[in-house]
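Printed here is model.csv (CSV, C-alpha atoms and all ligand atoms):
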chain,number,residue,atom,x,y,z
A,1080,MET,CA,-35.4,6.4,65.5
A,1081,THR,CA,-36.0,7.5,61.9
A,1082,LEU,CA,-33.2,9.5,60.6
A,1083,SER,CA,-34.3,10.1,57.0
A,1084,ALA,CA,-37.0,12.7,56.3
A,1085,PRO,CA,-40.3,11.6,54.7
A,1086,MET,CA,-40.6,12.6,51.0
A,1087,ASN,CA,-41.2,16.4,50.4
A,1088,GLU,CA,-40.6,17.2,54.1
A,1089,ALA,CA,-37.6,19.4,55.1
A,1090,PRO,CA,-35.2,17.2,57.1
A,1091,SER,CA,-34.5,18.2,60.7
A,1092,ARG,CA,-30.8,18.5,61.7
A,1093,PRO,CA,-29.7,15.1,63.0
A,1094,SER,CA,-27.4,15.0,66.0
A,1095,VAL,CA,-23.8,13.9,65.7
A,1096,GLU,CA,-24.5,11.2,68.3
A,1097,ALA,CA,-27.4,9.8,66.2
A,1098,VAL,CA,-25.3,9.7,63.0
A,1099,ARG,CA,-22.4,8.1,64.9
A,1100,GLN,CA,-24.8,5.4,66.1
A,1101,LEU,CA,-25.7,4.8,62.4
A,1102,LEU,CA,-22.0,4.6,61.4
A,1103,ASP,CA,-21.4,2.1,64.3
A,1104,LYS,CA,-24.2,-0.3,63.3
A,1105,PRO,CA,-23.2,-3.8,62.3
A,1106,LEU,CA,-22.2,-3.2,58.7
A,1107,LEU,CA,-24.6,-5.6,56.9
A,1108,ASP,CA,-27.5,-4.3,58.9
A,1109,LEU,CA,-26.6,-0.8,57.9
A,1110,VAL,CA,-26.2,-1.8,54.2
A,1111,PHE,CA,-29.5,-3.6,54.3
A,1112,GLU,CA,-31.3,-0.5,55.7
A,1113,ALA,CA,-29.6,1.8,53.2
A,1114,ALA,CA,-30.4,-0.5,50.3
A,1115,GLN,CA,-34.1,-0.4,51.2
A,1116,VAL,CA,-34.0,3.4,51.3
A,1117,HIS,CA,-32.1,3.5,48.0
A,1118,ARG,CA,-34.7,1.3,46.2
A,1119,GLN,CA,-37.5,3.5,47.4
A,1120,HIS,CA,-36.1,6.5,45.7
A,1121,HIS,CA,-33.9,5.3,42.8
A,1122,ASP,CA,-33.6,2.7,40.1
A,1123,PRO,CA,-30.9,0.5,41.7
A,1124,ARG,CA,-29.6,-0.6,38.3
A,1125,GLN,CA,-28.7,2.8,37.0
A,1126,ILE,CA,-25.2,4.3,37.5
A,1127,GLN,CA,-24.6,7.9,36.5
A,1128,CYS,CA,-21.1,8.4,34.9
A,1129,SER,CA,-19.3,11.7,35.0
A,1130,GLN,CA,-15.8,12.5,33.5
A,1131,LEU,CA,-13.4,15.0,35.0
A,1132,LEU,CA,-10.9,17.3,33.4
A,1133,SER,CA,-8.5,19.7,35.1
A,1134,ILE,CA,-8.8,22.9,33.1
A,1135,LYS,CA,-6.3,24.8,35.2
A,1136,THR,CA,-3.7,22.8,37.1
A,1137,GLY,CA,-1.5,23.6,40.1
A,1138,ALA,CA,-0.2,26.7,41.7
A,1139,CYS,CA,-3.3,27.1,43.9
A,1140,PRO,CA,-2.9,29.6,46.8
A,1141,GLU,CA,-5.0,27.4,49.2
A,1142,ASP,CA,-3.2,25.0,51.5
A,1143,CYS,CA,-5.5,22.0,51.5
A,1144,GLY,CA,-3.4,19.3,53.1
A,1145,TYR,CA,-4.5,16.6,50.7
A,1146,CYS,CA,-4.1,18.4,47.4
A,1147,SER,CA,-1.5,17.8,44.7
A,1148,GLN,CA,-2.3,21.3,43.3
A,1149,SER,CA,-1.5,23.5,46.3
A,1150,ALA,CA,1.4,25.9,45.9
A,1151,HIS,CA,2.2,25.3,49.6
A,1152,HIS,CA,3.3,21.7,48.9
A,1153,ASN,CA,6.2,20.4,47.0
A,1154,THR,CA,4.6,17.8,44.7
A,1155,LYS,CA,5.9,16.7,41.3
A,1156,LEU,CA,2.8,18.1,39.6
A,1157,GLU,CA,3.3,20.0,36.3
A,1158,LYS,CA,1.4,23.3,36.5
A,1159,GLU,CA,-0.7,24.3,33.6
A,1160,LYS,CA,-2.5,27.6,32.7
A,1161,LEU,CA,-6.2,27.6,31.8
A,1162,VAL,CA,-6.7,25.2,28.9
A,1163,ASP,CA,-8.0,26.5,25.6
A,1164,VAL,CA,-11.8,26.2,25.0
A,1165,ASP,CA,-11.3,24.1,21.9
A,1166,ASN,CA,-9.1,21.6,23.7
A,1167,VAL,CA,-11.6,21.3,26.5
A,1168,LEU,CA,-14.4,20.7,24.1
A,1169,GLU,CA,-12.4,18.0,22.3
A,1170,GLU,CA,-11.9,16.2,25.7
A,1171,ALA,CA,-15.7,16.5,26.3
A,1172,ARG,CA,-16.4,14.9,23.0
A,1173,LEU,CA,-14.1,12.0,23.8
A,1174,ALA,CA,-15.7,11.7,27.2
A,1175,LYS,CA,-19.2,11.5,25.6
A,1176,GLU,CA,-17.8,8.9,23.2
A,1177,GLY,CA,-16.5,6.9,26.1
A,1178,GLY,CA,-20.0,6.8,27.7
A,1179,ALA,CA,-20.0,9.7,30.2
A,1180,ASP,CA,-23.2,11.8,30.4
A,1181,ARG,CA,-21.7,14.6,32.5
A,1182,PHE,CA,-18.5,16.5,32.0
A,1183,CYS,CA,-16.9,18.1,35.1
A,1184,MET,CA,-14.3,20.8,34.8
A,1185,GLY,CA,-12.0,21.6,37.8
A,1186,ALA,CA,-9.8,24.7,38.2
A,1187,ALA,CA,-7.1,25.1,40.9
A,1188,TRP,CA,-8.4,28.5,41.9
A,1189,ARG,CA,-9.1,29.8,45.4
A,1190,SER,CA,-12.0,31.7,44.0
A,1191,VAL,CA,-13.6,32.9,40.7
A,1192,ARG,CA,-12.4,36.3,39.4
A,1193,ASP,CA,-14.4,38.1,36.8
A,1194,GLY,CA,-12.5,38.7,33.6
A,1195,LYS,CA,-11.1,36.8,30.5
A,1196,GLU,CA,-10.5,33.5,32.3
A,1197,PHE,CA,-14.0,33.3,33.7
A,1198,ASP,CA,-15.4,34.3,30.3
A,1199,LYS,CA,-13.6,31.3,28.8
A,1200,VAL,CA,-15.1,29.0,31.4
A,1201,ILE,CA,-18.5,30.3,30.4
A,1202,GLU,CA,-17.7,29.4,26.8
A,1203,MET,CA,-16.6,25.9,27.9
A,1204,VAL,CA,-19.9,25.4,29.7
A,1205,LYS,CA,-21.9,26.5,26.6
A,1206,GLY,CA,-19.8,24.2,24.4
A,1207,VAL,CA,-20.3,21.2,26.7
A,1208,LYS,CA,-24.0,21.8,26.9
A,1209,SER,CA,-24.3,22.1,23.1
A,1210,MET,CA,-23.0,18.5,22.8
A,1211,GLY,CA,-25.9,17.2,24.8
A,1212,LEU,CA,-23.8,16.5,28.0
A,1213,GLU,CA,-24.6,17.7,31.5
A,1214,ALA,CA,-22.0,20.2,32.7
A,1215,CYS,CA,-20.4,20.6,36.2
A,1216,VAL,CA,-17.6,22.9,37.3
A,1217,THR,CA,-15.6,23.3,40.5
A,1218,LEU,CA,-13.8,26.6,40.6
A,1219,GLY,CA,-13.4,27.4,44.3
A,1220,MET,CA,-15.4,30.2,46.0
A,1221,LEU,CA,-17.8,32.4,44.1
A,1222,ASN,CA,-20.6,34.9,44.6
A,1223,THR,CA,-24.3,34.8,43.5
A,1224,GLU,CA,-23.7,36.9,40.4
A,1225,GLN,CA,-21.0,34.6,39.2
A,1226,ALA,CA,-23.1,31.5,39.9
A,1227,THR,CA,-26.0,33.1,38.1
A,1228,ARG,CA,-23.8,33.7,35.0
A,1229,LEU,CA,-22.8,30.0,35.1
A,1230,LYS,CA,-26.5,29.0,35.4
A,1231,GLU,CA,-27.4,31.2,32.4
A,1232,ALA,CA,-24.7,29.6,30.4
A,1233,GLY,CA,-26.5,26.2,31.0
A,1234,LEU,CA,-24.4,24.8,33.8
A,1235,ASP,CA,-26.2,22.0,35.7
A,1236,TYR,CA,-24.0,21.4,38.8
A,1237,TYR,CA,-21.5,23.3,40.9
A,1238,ASN,CA,-19.1,21.1,43.0
A,1239,HIS,CA,-17.9,22.6,46.2
A,1240,ASN,CA,-17.0,20.1,49.0
A,1241,LEU,CA,-17.2,20.6,52.8
A,1242,ASP,CA,-14.5,17.9,52.8
A,1243,THR,CA,-14.7,17.0,56.6
A,1244,GLY,CA,-16.4,17.8,59.9
A,1245,ARG,CA,-16.3,21.4,61.2
A,1246,SER,CA,-14.1,20.4,64.2
A,1247,TYR,CA,-11.4,18.8,62.0
A,1248,TYR,CA,-11.4,21.4,59.1
A,1249,ASP,CA,-8.5,23.6,60.4
A,1250,GLN,CA,-6.3,20.5,60.8
A,1251,VAL,CA,-6.5,20.1,57.0
A,1252,ILE,CA,-6.9,23.6,55.6
A,1253,THR,CA,-6.0,26.9,57.2
A,1254,THR,CA,-6.4,29.4,54.3
A,1255,ARG,CA,-10.2,29.4,54.4
A,1256,CYS,CA,-12.9,28.4,56.9
A,1257,TYR,CA,-16.0,26.3,57.0
A,1258,GLU,CA,-18.2,29.4,56.8
A,1259,ASP,CA,-16.5,30.4,53.5
A,1260,ARG,CA,-17.5,27.1,52.1
A,1261,LEU,CA,-21.1,27.4,53.3
A,1262,GLU,CA,-21.4,30.9,51.8
A,1263,THR,CA,-20.4,29.7,48.4
A,1264,LEU,CA,-22.9,26.8,48.7
A,1265,GLN,CA,-25.5,29.4,49.5
A,1266,ALA,CA,-24.6,31.5,46.4
A,1267,VAL,CA,-24.8,28.3,44.3
A,1268,ARG,CA,-28.3,27.6,45.7
A,1269,GLU,CA,-29.5,31.1,45.1
A,1270,SER,CA,-28.5,30.9,41.4
A,1271,GLY,CA,-30.7,27.8,40.9
A,1272,LEU,CA,-27.8,25.5,40.1
A,1273,ASN,CA,-27.7,22.0,41.5
A,1274,VAL,CA,-25.4,21.6,44.4
A,1275,CYS,CA,-22.7,18.9,44.3
A,1276,CYS,CA,-21.2,18.7,47.8
A,1277,GLY,CA,-19.3,16.0,49.6
A,1278,GLY,CA,-16.1,15.2,51.3
A,1279,ILE,CA,-13.0,13.0,51.8
A,1280,LEU,CA,-12.6,10.1,54.1
A,1281,GLY,CA,-9.2,8.9,55.4
A,1282,MET,CA,-7.5,12.1,56.3
A,1283,GLY,CA,-6.9,11.0,59.9
A,1284,GLU,CA,-10.3,12.3,61.0
A,1285,SER,CA,-12.2,10.6,63.8
A,1286,LEU,CA,-15.6,8.8,63.3
A,1287,ASP,CA,-17.2,11.8,65.1
A,1288,ALA,CA,-15.7,14.2,62.5
A,1289,ARG,CA,-17.2,12.0,59.8
A,1290,ALA,CA,-20.5,12.1,61.5
A,1291,GLU,CA,-20.3,15.9,61.8
A,1292,LEU,CA,-19.7,16.1,58.0
A,1293,LEU,CA,-22.8,14.0,57.4
A,1294,VAL,CA,-24.8,16.2,59.8
A,1295,GLU,CA,-23.7,19.3,57.7
A,1296,LEU,CA,-24.5,17.7,54.4
A,1297,ALA,CA,-27.9,16.4,55.5
A,1298,SER,CA,-28.8,19.8,57.0
A,1299,LEU,CA,-28.2,21.8,53.8
A,1300,GLU,CA,-31.6,23.1,52.7
A,1301,PRO,CA,-32.5,21.7,50.3
A,1302,GLN,CA,-30.2,18.7,50.6
A,1303,PRO,CA,-27.5,18.5,47.9
A,1304,GLU,CA,-28.5,16.9,44.6
A,1305,SER,CA,-25.1,15.2,44.4
A,1306,VAL,CA,-22.7,14.0,47.1
A,1307,PRO,CA,-19.3,12.9,46.0
A,1308,VAL,CA,-17.6,10.6,48.6
A,1309,ASN,CA,-13.8,10.6,48.1
A,1310,ARG,CA,-11.3,8.4,49.8
A,1311,LEU,CA,-8.0,10.3,50.2
A,1312,VAL,CA,-5.6,9.7,47.4
A,1313,PRO,CA,-2.3,10.2,49.2
A,1314,VAL,CA,0.0,12.4,47.2
A,1315,GLU,CA,3.7,12.5,47.8
A,1316,GLY,CA,4.9,15.9,49.0
A,1317,THR,CA,1.6,16.8,50.7
A,1318,PRO,CA,1.1,16.8,54.5
A,1319,LEU,CA,-1.3,13.9,54.1
A,1320,GLY,CA,1.0,11.9,51.7
A,1321,GLU,CA,1.8,9.3,54.2
A,1322,VAL,CA,-1.5,8.7,55.9
A,1323,ASP,CA,-2.6,5.0,56.1
A,1324,GLU,CA,-5.5,3.9,54.0
A,1325,ILE,CA,-8.9,3.4,55.8
A,1326,PRO,CA,-10.5,-0.1,55.6
A,1327,TRP,CA,-13.0,-0.4,52.8
A,1328,GLN,CA,-15.7,-1.2,55.3
A,1329,GLU,CA,-15.6,2.4,56.6
A,1330,TRP,CA,-16.2,3.6,53.0
A,1331,VAL,CA,-19.2,1.3,52.7
A,1332,ALA,CA,-20.6,2.4,56.1
A,1333,PHE,CA,-20.3,6.1,55.1
A,1334,ILE,CA,-22.0,5.6,51.8
A,1335,ALA,CA,-24.8,3.6,53.5
A,1336,ALA,CA,-25.3,6.3,56.2
A,1337,THR,CA,-25.3,9.0,53.4
A,1338,ARG,CA,-28.1,7.2,51.6
A,1339,ILE,CA,-30.2,6.9,54.8
A,1340,LEU,CA,-29.7,10.6,55.7
A,1341,ILE,CA,-30.0,12.0,52.1
A,1342,PRO,CA,-32.4,9.6,50.4
A,1343,LYS,CA,-32.9,11.5,47.1
A,1344,THR,CA,-29.3,12.5,46.3
A,1345,THR,CA,-27.0,11.0,43.8
A,1346,ILE,CA,-24.0,9.5,45.7
A,1347,ARG,CA,-20.8,9.4,43.8
A,1348,LEU,CA,-18.1,6.9,44.6
A,1349,SER,CA,-15.4,9.4,43.7
A,1350,ALA,CA,-11.6,9.6,44.2
A,1351,GLY,CA,-9.9,6.6,45.7
A,1352,ARG,CA,-12.1,4.0,43.8
A,1353,ARG,CA,-9.0,2.6,42.1
A,1354,GLU,CA,-7.7,1.3,45.4
A,1355,LEU,CA,-11.1,-0.1,46.4
A,1356,PRO,CA,-11.6,-3.9,45.7
A,1357,GLU,CA,-14.3,-4.5,43.2
A,1358,ALA,CA,-16.4,-6.6,45.6
A,1359,ALA,CA,-16.3,-3.6,48.0
A,1360,GLN,CA,-17.4,-1.3,45.2
A,1361,ALA,CA,-20.3,-3.7,44.6
A,1362,LEU,CA,-21.3,-3.3,48.3
A,1363,CYS,CA,-21.2,0.5,47.9
A,1364,PHE,CA,-23.6,0.2,44.9
A,1365,LEU,CA,-25.9,-2.0,47.0
A,1366,ALA,CA,-25.7,0.6,49.9
A,1367,GLY,CA,-26.8,3.4,47.6
A,1368,ALA,CA,-23.9,4.7,45.6
A,1369,ASN,CA,-25.2,5.5,42.1
A,1370,SER,CA,-22.6,7.5,40.3
A,1371,ILE,CA,-18.9,7.1,39.4
A,1372,PHE,CA,-16.2,9.0,37.6
A,1373,VAL,CA,-15.2,7.3,34.4
A,1374,GLY,CA,-12.1,7.9,32.3
A,1375,ASP,CA,-8.5,7.0,33.1
A,1376,LYS,CA,-7.8,10.1,35.1
A,1377,LEU,CA,-9.5,12.2,37.8
A,1378,LEU,CA,-8.0,15.7,38.0
A,1379,THR,CA,-4.3,14.9,38.5
A,1380,THR,CA,-4.4,11.3,39.8
A,1381,PRO,CA,-5.3,8.0,38.0
A,1382,ASN,CA,-8.8,6.4,37.9
A,1383,PRO,CA,-9.6,2.7,37.1
A,1384,GLU,CA,-9.1,1.7,33.5
A,1385,PRO,CA,-12.3,2.5,31.5
A,1386,GLY,CA,-12.4,-1.2,30.2
A,1387,SER,CA,-12.4,-2.6,33.7
A,1388,ASP,CA,-15.1,-0.2,34.8
A,1389,ALA,CA,-17.4,-1.2,32.0
A,1390,ALA,CA,-16.8,-4.9,32.8
A,1391,LEU,CA,-17.5,-4.3,36.5
A,1392,LEU,CA,-20.8,-2.6,35.8
A,1393,ALA,CA,-21.8,-5.3,33.3
A,1394,SER,CA,-20.9,-8.1,35.8
A,1395,LEU,CA,-23.1,-6.5,38.4
A,1396,GLY,CA,-26.0,-6.0,36.0
A,1397,LEU,CA,-25.7,-2.2,36.2
A,1398,ASN,CA,-26.2,0.2,33.4
A,1399,ALA,CA,-24.7,3.6,32.8
A,1400,VAL,CA,-27.4,6.3,32.7
A,1401,THR,CA,-27.9,7.9,29.4
A,1402,ARG,CA,-28.3,11.7,29.0
A,1403,THR,CA,-32.1,12.0,29.2
A,1404,GLU,CA,-32.3,9.7,32.3
A,1405,ALA,CA,-29.7,11.7,34.1
A,1406,ALA,CA,-31.8,14.8,34.7
A,1407,PRO,CA,-32.1,15.6,38.5
A,1408,GLN,CA,-35.4,14.5,40.1
A,1501,LIG,N1,-10.1,24.3,43.9
A,1501,LIG,C1,-11.5,24.0,43.9
A,1501,LIG,C2,-11.9,23.6,45.3
A,1501,LIG,O1,-11.2,23.2,46.1
A,1501,LIG,O2,-13.1,23.7,45.6
A,1501,LIG,C3,-11.8,22.8,43.0
A,1501,LIG,C4,-10.9,21.7,42.8
A,1501,LIG,S1,-10.6,20.6,44.2
A,1501,LIG,C5,-9.3,19.6,43.5
A,1501,LIG,C6,-12.0,19.6,44.2
A,1501,LIG,C7,-12.1,18.5,45.3
A,1501,LIG,O3,-11.3,17.4,45.0
A,1501,LIG,C8,-11.7,18.9,46.7
A,1501,LIG,O4,-12.7,19.6,47.4
A,1501,LIG,C9,-11.5,17.6,47.4
A,1501,LIG,O5,-12.6,17.1,48.0
A,1501,LIG,C10,-11.1,16.7,46.2
A,1501,LIG,N2,-9.7,16.2,46.3
A,1501,LIG,C11,-8.6,17.0,46.0
A,1501,LIG,N3,-7.5,16.2,46.2
A,1501,LIG,C12,-7.9,15.0,46.6
A,1501,LIG,C13,-7.1,13.9,47.0
A,1501,LIG,N4,-5.8,13.8,47.0
A,1501,LIG,N5,-7.9,12.8,47.5
A,1501,LIG,C14,-9.2,12.8,47.5
A,1501,LIG,N6,-9.9,13.9,47.1
A,1501,LIG,C15,-9.3,15.0,46.7
A,1502,LIG,C1,-14.8,15.6,44.0
A,1502,LIG,O1,-15.4,15.5,45.1
A,1502,LIG,N1,-13.9,14.7,43.6
A,1502,LIG,C2,-13.4,15.1,42.3
A,1502,LIG,C3,-14.3,16.3,41.9
A,1502,LIG,N2,-15.1,16.5,43.1
A,1502,LIG,C4,-13.8,17.6,41.4
A,1502,LIG,C5,-11.9,15.5,42.4
A,1502,LIG,C6,-11.1,14.3,42.9
A,1502,LIG,C7,-9.7,14.7,42.8
A,1502,LIG,C8,-8.8,13.7,43.2
A,1502,LIG,C9,-7.3,14.0,43.2
A,1502,LIG,C10,-6.8,14.5,41.9
A,1502,LIG,O2,-7.0,13.7,40.9
A,1502,LIG,O3,-6.1,15.5,41.9
A,1503,LIG,FE1,-6.7,24.5,45.6
A,1503,LIG,FE2,-8.9,23.1,45.4
A,1503,LIG,FE3,-6.6,21.9,45.7
A,1503,LIG,FE4,-7.6,23.2,47.7
A,1503,LIG,S1,-8.5,21.4,46.8
A,1503,LIG,S2,-5.4,23.4,47.0
A,1503,LIG,S3,-8.6,24.9,46.7
A,1503,LIG,S4,-7.2,23.1,44.0

Write-out of the structure in structure tokens:
Amino acid sequence: MTLSAPMNEAPSRPSVEAVRQLLDKPLLDLVFEAAQVHRQHHDPRQIQCSQLLSIKTGACPEDCGYCSQSAHHNTKLEKEKLVDVDNVLEEARLAKEGGADRFCMGAAWRSVRDGKEFDKVIEMVKGVKSMGLEACVTLGMLNTEQATRLKEAGLDYYNHNLDTGRSYYDQVITTRCYEDRLETLQAVRESGLNVCCGGILGMGESLDARAELLVELASLEPQPESVPVNRLVPVEGTPLGEVDEIPWQEWVAFIAATRILIPKTTIRLSAGRRELPEAAQALCFLAGANSIFVGDKLLTTPNPEPGSDAALLASLGLNAVTRTEAAPQ
């Protein structure tokens, strides 16, 4: 059975069973298959590097069970109001100096509200773009008008994750539903922005729930331009703070299945990479991951040391994409 769609043809919705069969394949067979798909659509030596900044931290009204920033959980996180535009742009400059070609700004908001704060985010996007960087934001739910304003400011990507399978969603988050997420993704699409949409592994979900997530991601039309795959970073004080780590093999299998189902997307090995052995990261790159977050911090949790990342890429013969090569296909 062929699960990936031929070039330029709308993918049909795969079944959960078919995706489950993919995830259950002997790991190296799956990686081999995915590596072939990857090499048909991408230069396997190129790794896109993004850097994150939390522009508004903590006190979020949502109750996402994994998140350090939810007001519903008692974490040790220091809250911070929206950062000044100049400070954000200084961080973007440093990120560019450090080798990132995309700057991603995240706010702990449930949704975007029109007004002074959103106006400031628009200024941030314009400033980041004027430095020759790609720009991405993740601000929670928004409508088509707001997405269009971001697009007009020059924004390249909007990140909004489905996080997990539909059947497991309400075990993790109760303050919004799957349809809310899909509506925002629709608004992002309508504005012409690139969609960055992925999920988190290791929240106690079943393999079927993971397959469901892949079905949803692969069935978005068009498919997302970017798929971040996060491994839960357990945060003390959150409901998921004590969950056991998943074996790295499951991360590799998920990346490989993502590559087969969404051949043209950029797959980002995202949160949780610090805990992943370097040899396992290498297998992920072979299986089709072609993007990472660089810099010593994600939003609120640590990322691998920049020096060790540069050494890892060099040791594998991989190169960080430079700005002109990073444009979406
Ligand atoms: N508030 C916005 C939202 O939820 O869309 C944007 C920021 S939110 C922190 C962005 C994404 O980070 C979440 O959708 C989730 O996938 C990921 N994330 C948050 N905390 C995480 C954790 N502890 N481990 C792994 N991924 C996490
Ligand atoms: C995504 O999927 N992963 C990034 C980005 N999108 C915004 C965020 C990861 C956050 C990890 C936990 C933290 O640092 O707070
Ligand atoms: Fe808020 Fe986003 Fe964290 Fe959920 S993931 S609590 S929406 S910041």

Taking all atoms listed in the file into account, list the residues no farther than 9 Å from ligand LIG 1502 (chain A), as a ChimeraX atom specification.
/A:1131-1133,1145-1148,1183-1186,1215-1217,1238-1240,1242,1275-1279,1306-1314,1347-1351,1372,1376-1382

Which residues of chain A have any atom within 6 Å of an atom in ligand LIG 1503 (chain A) when counting only C-alpha atoms and all ligand atoms, and what is the closest pair of atoms for each, with the distance in Å to one decimal? Order the rows by chain and rising number and write it as a Markdown table.
| residue | atom | partner | partner_atom | distance |
| --- | --- | --- | --- | --- |
| A:Cys1139 | CA | A:LIG1503 | FE1 | 4.6 |
| A:Glu1141 | CA | A:LIG1503 | S2 | 4.6 |
| A:Asp1142 | CA | A:LIG1503 | S2 | 5.3 |
| A:Cys1143 | CA | A:LIG1503 | FE4 | 4.5 |
| A:Cys1146 | CA | A:LIG1503 | FE3 | 4.6 |
| A:Gln1148 | CA | A:LIG1503 | FE3 | 5.0 |
| A:Ser1149 | CA | A:LIG1503 | S2 | 4.0 |
| A:Ala1187 | CA | A:LIG1503 | S4 | 3.7 |
| A:Trp1188 | CA | A:LIG1503 | FE1 | 5.7 |
| A:Arg1189 | CA | A:LIG1503 | S3 | 5.1 |
| A:Gly1219 | CA | A:LIG1503 | S3 | 5.9 |

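The shortest atom-to-atom distance to A:Arg1099, with all atoms listed in the file taken into account, belongs to A:Ser1285 out of A:Thr1401, A:Thr1223, A:Gln1328, A:Ser1285.
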
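Nearest residue to ligand LIG 1501 (chain A), choosing from A:Pro1318, A:Gly1178, A:Pro1301, A:Gly1233 and counting all atoms listed in the file: A:Pro1318.
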
Spatial sel., origin (3.7, 13.9, 57.0), limit 12 Å, only C-alpha atoms, listed as a PDB file with C-alpha atoms, keeping the file's coordinate frame:
ATOM      1  CA  GLY A1144      -3.400  19.300  53.100  1.00  0.00           C
ATOM      2  CA  TYR A1145      -4.500  16.600  50.700  1.00  0.00           C
ATOM      3  CA  HIS A1152       3.300  21.700  48.900  1.00  0.00           C
ATOM      4  CA  VAL A1251      -6.500  20.100  57.000  1.00  0.00           C
ATOM      5  CA  MET A1282      -7.500  12.100  56.300  1.00  0.00           C
ATOM      6  CA  GLY A1283      -6.900  11.000  59.900  1.00  0.00           C
ATOM      7  CA  PRO A1313      -2.300  10.200  49.200  1.00  0.00           C
ATOM      8  CA  VAL A1314       0.000  12.400  47.200  1.00  0.00           C
ATOM      9  CA  GLU A1315       3.700  12.500  47.800  1.00  0.00           C
ATOM     10  CA  GLY A1316       4.900  15.900  49.000  1.00  0.00           C
ATOM     11  CA  THR A1317       1.600  16.800  50.700  1.00  0.00           C
ATOM     12  CA  PRO A1318       1.100  16.800  54.500  1.00  0.00           C
ATOM     13  CA  LEU A1319      -1.300  13.900  54.100  1.00  0.00           C
ATOM     14  CA  GLY A1320       1.000  11.900  51.700  1.00  0.00           C
ATOM     15  CA  GLU A1321       1.800   9.300  54.200  1.00  0.00           C
ATOM     16  CA  VAL A1322      -1.500   8.700  55.900  1.00  0.00           C
ATOM     17  CA  ASP A1323      -2.600   5.000  56.100  1.00  0.00           C
TER      18      ASP A1323
END

Residues within 12 Å of A:Glu1231, please, as an MDAnalysis selection string. Count all atoms listed in the file; anything in the same chain fewer than 3 positions from it doesn't count.
chainID A and resid 1201:1202 1204:1205 1208 1224:1228 1234:1235 1270:1272

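If only C-alpha atoms and all ligand atoms are the atoms counted, then among A:Arg1260, A:Arg1192, A:Arg1124, A:Lys1175 the closest residue to ligand LIG 1501 (chain A) is A:Arg1260.
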
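A straight line drawn from atom CA of A:Tyr1236 to atom CA of A:Lys1343 is 15.7 Å long.
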
Within 9 Å of stretch 1245-1250 of chain A, counting only C-alpha atoms, which residues qualify if same-chain residues fewer than 6 places away don't, as an NGL selection string?
:A and (1144 or 1256-1257 or 1284-1285 or 1288 or 1291-1292 or 1295)

Between atom CA of A:Glu1213 and atom CA of A:Ile1126, what distance in Å does the model show, to one decimal?
14.7 Å
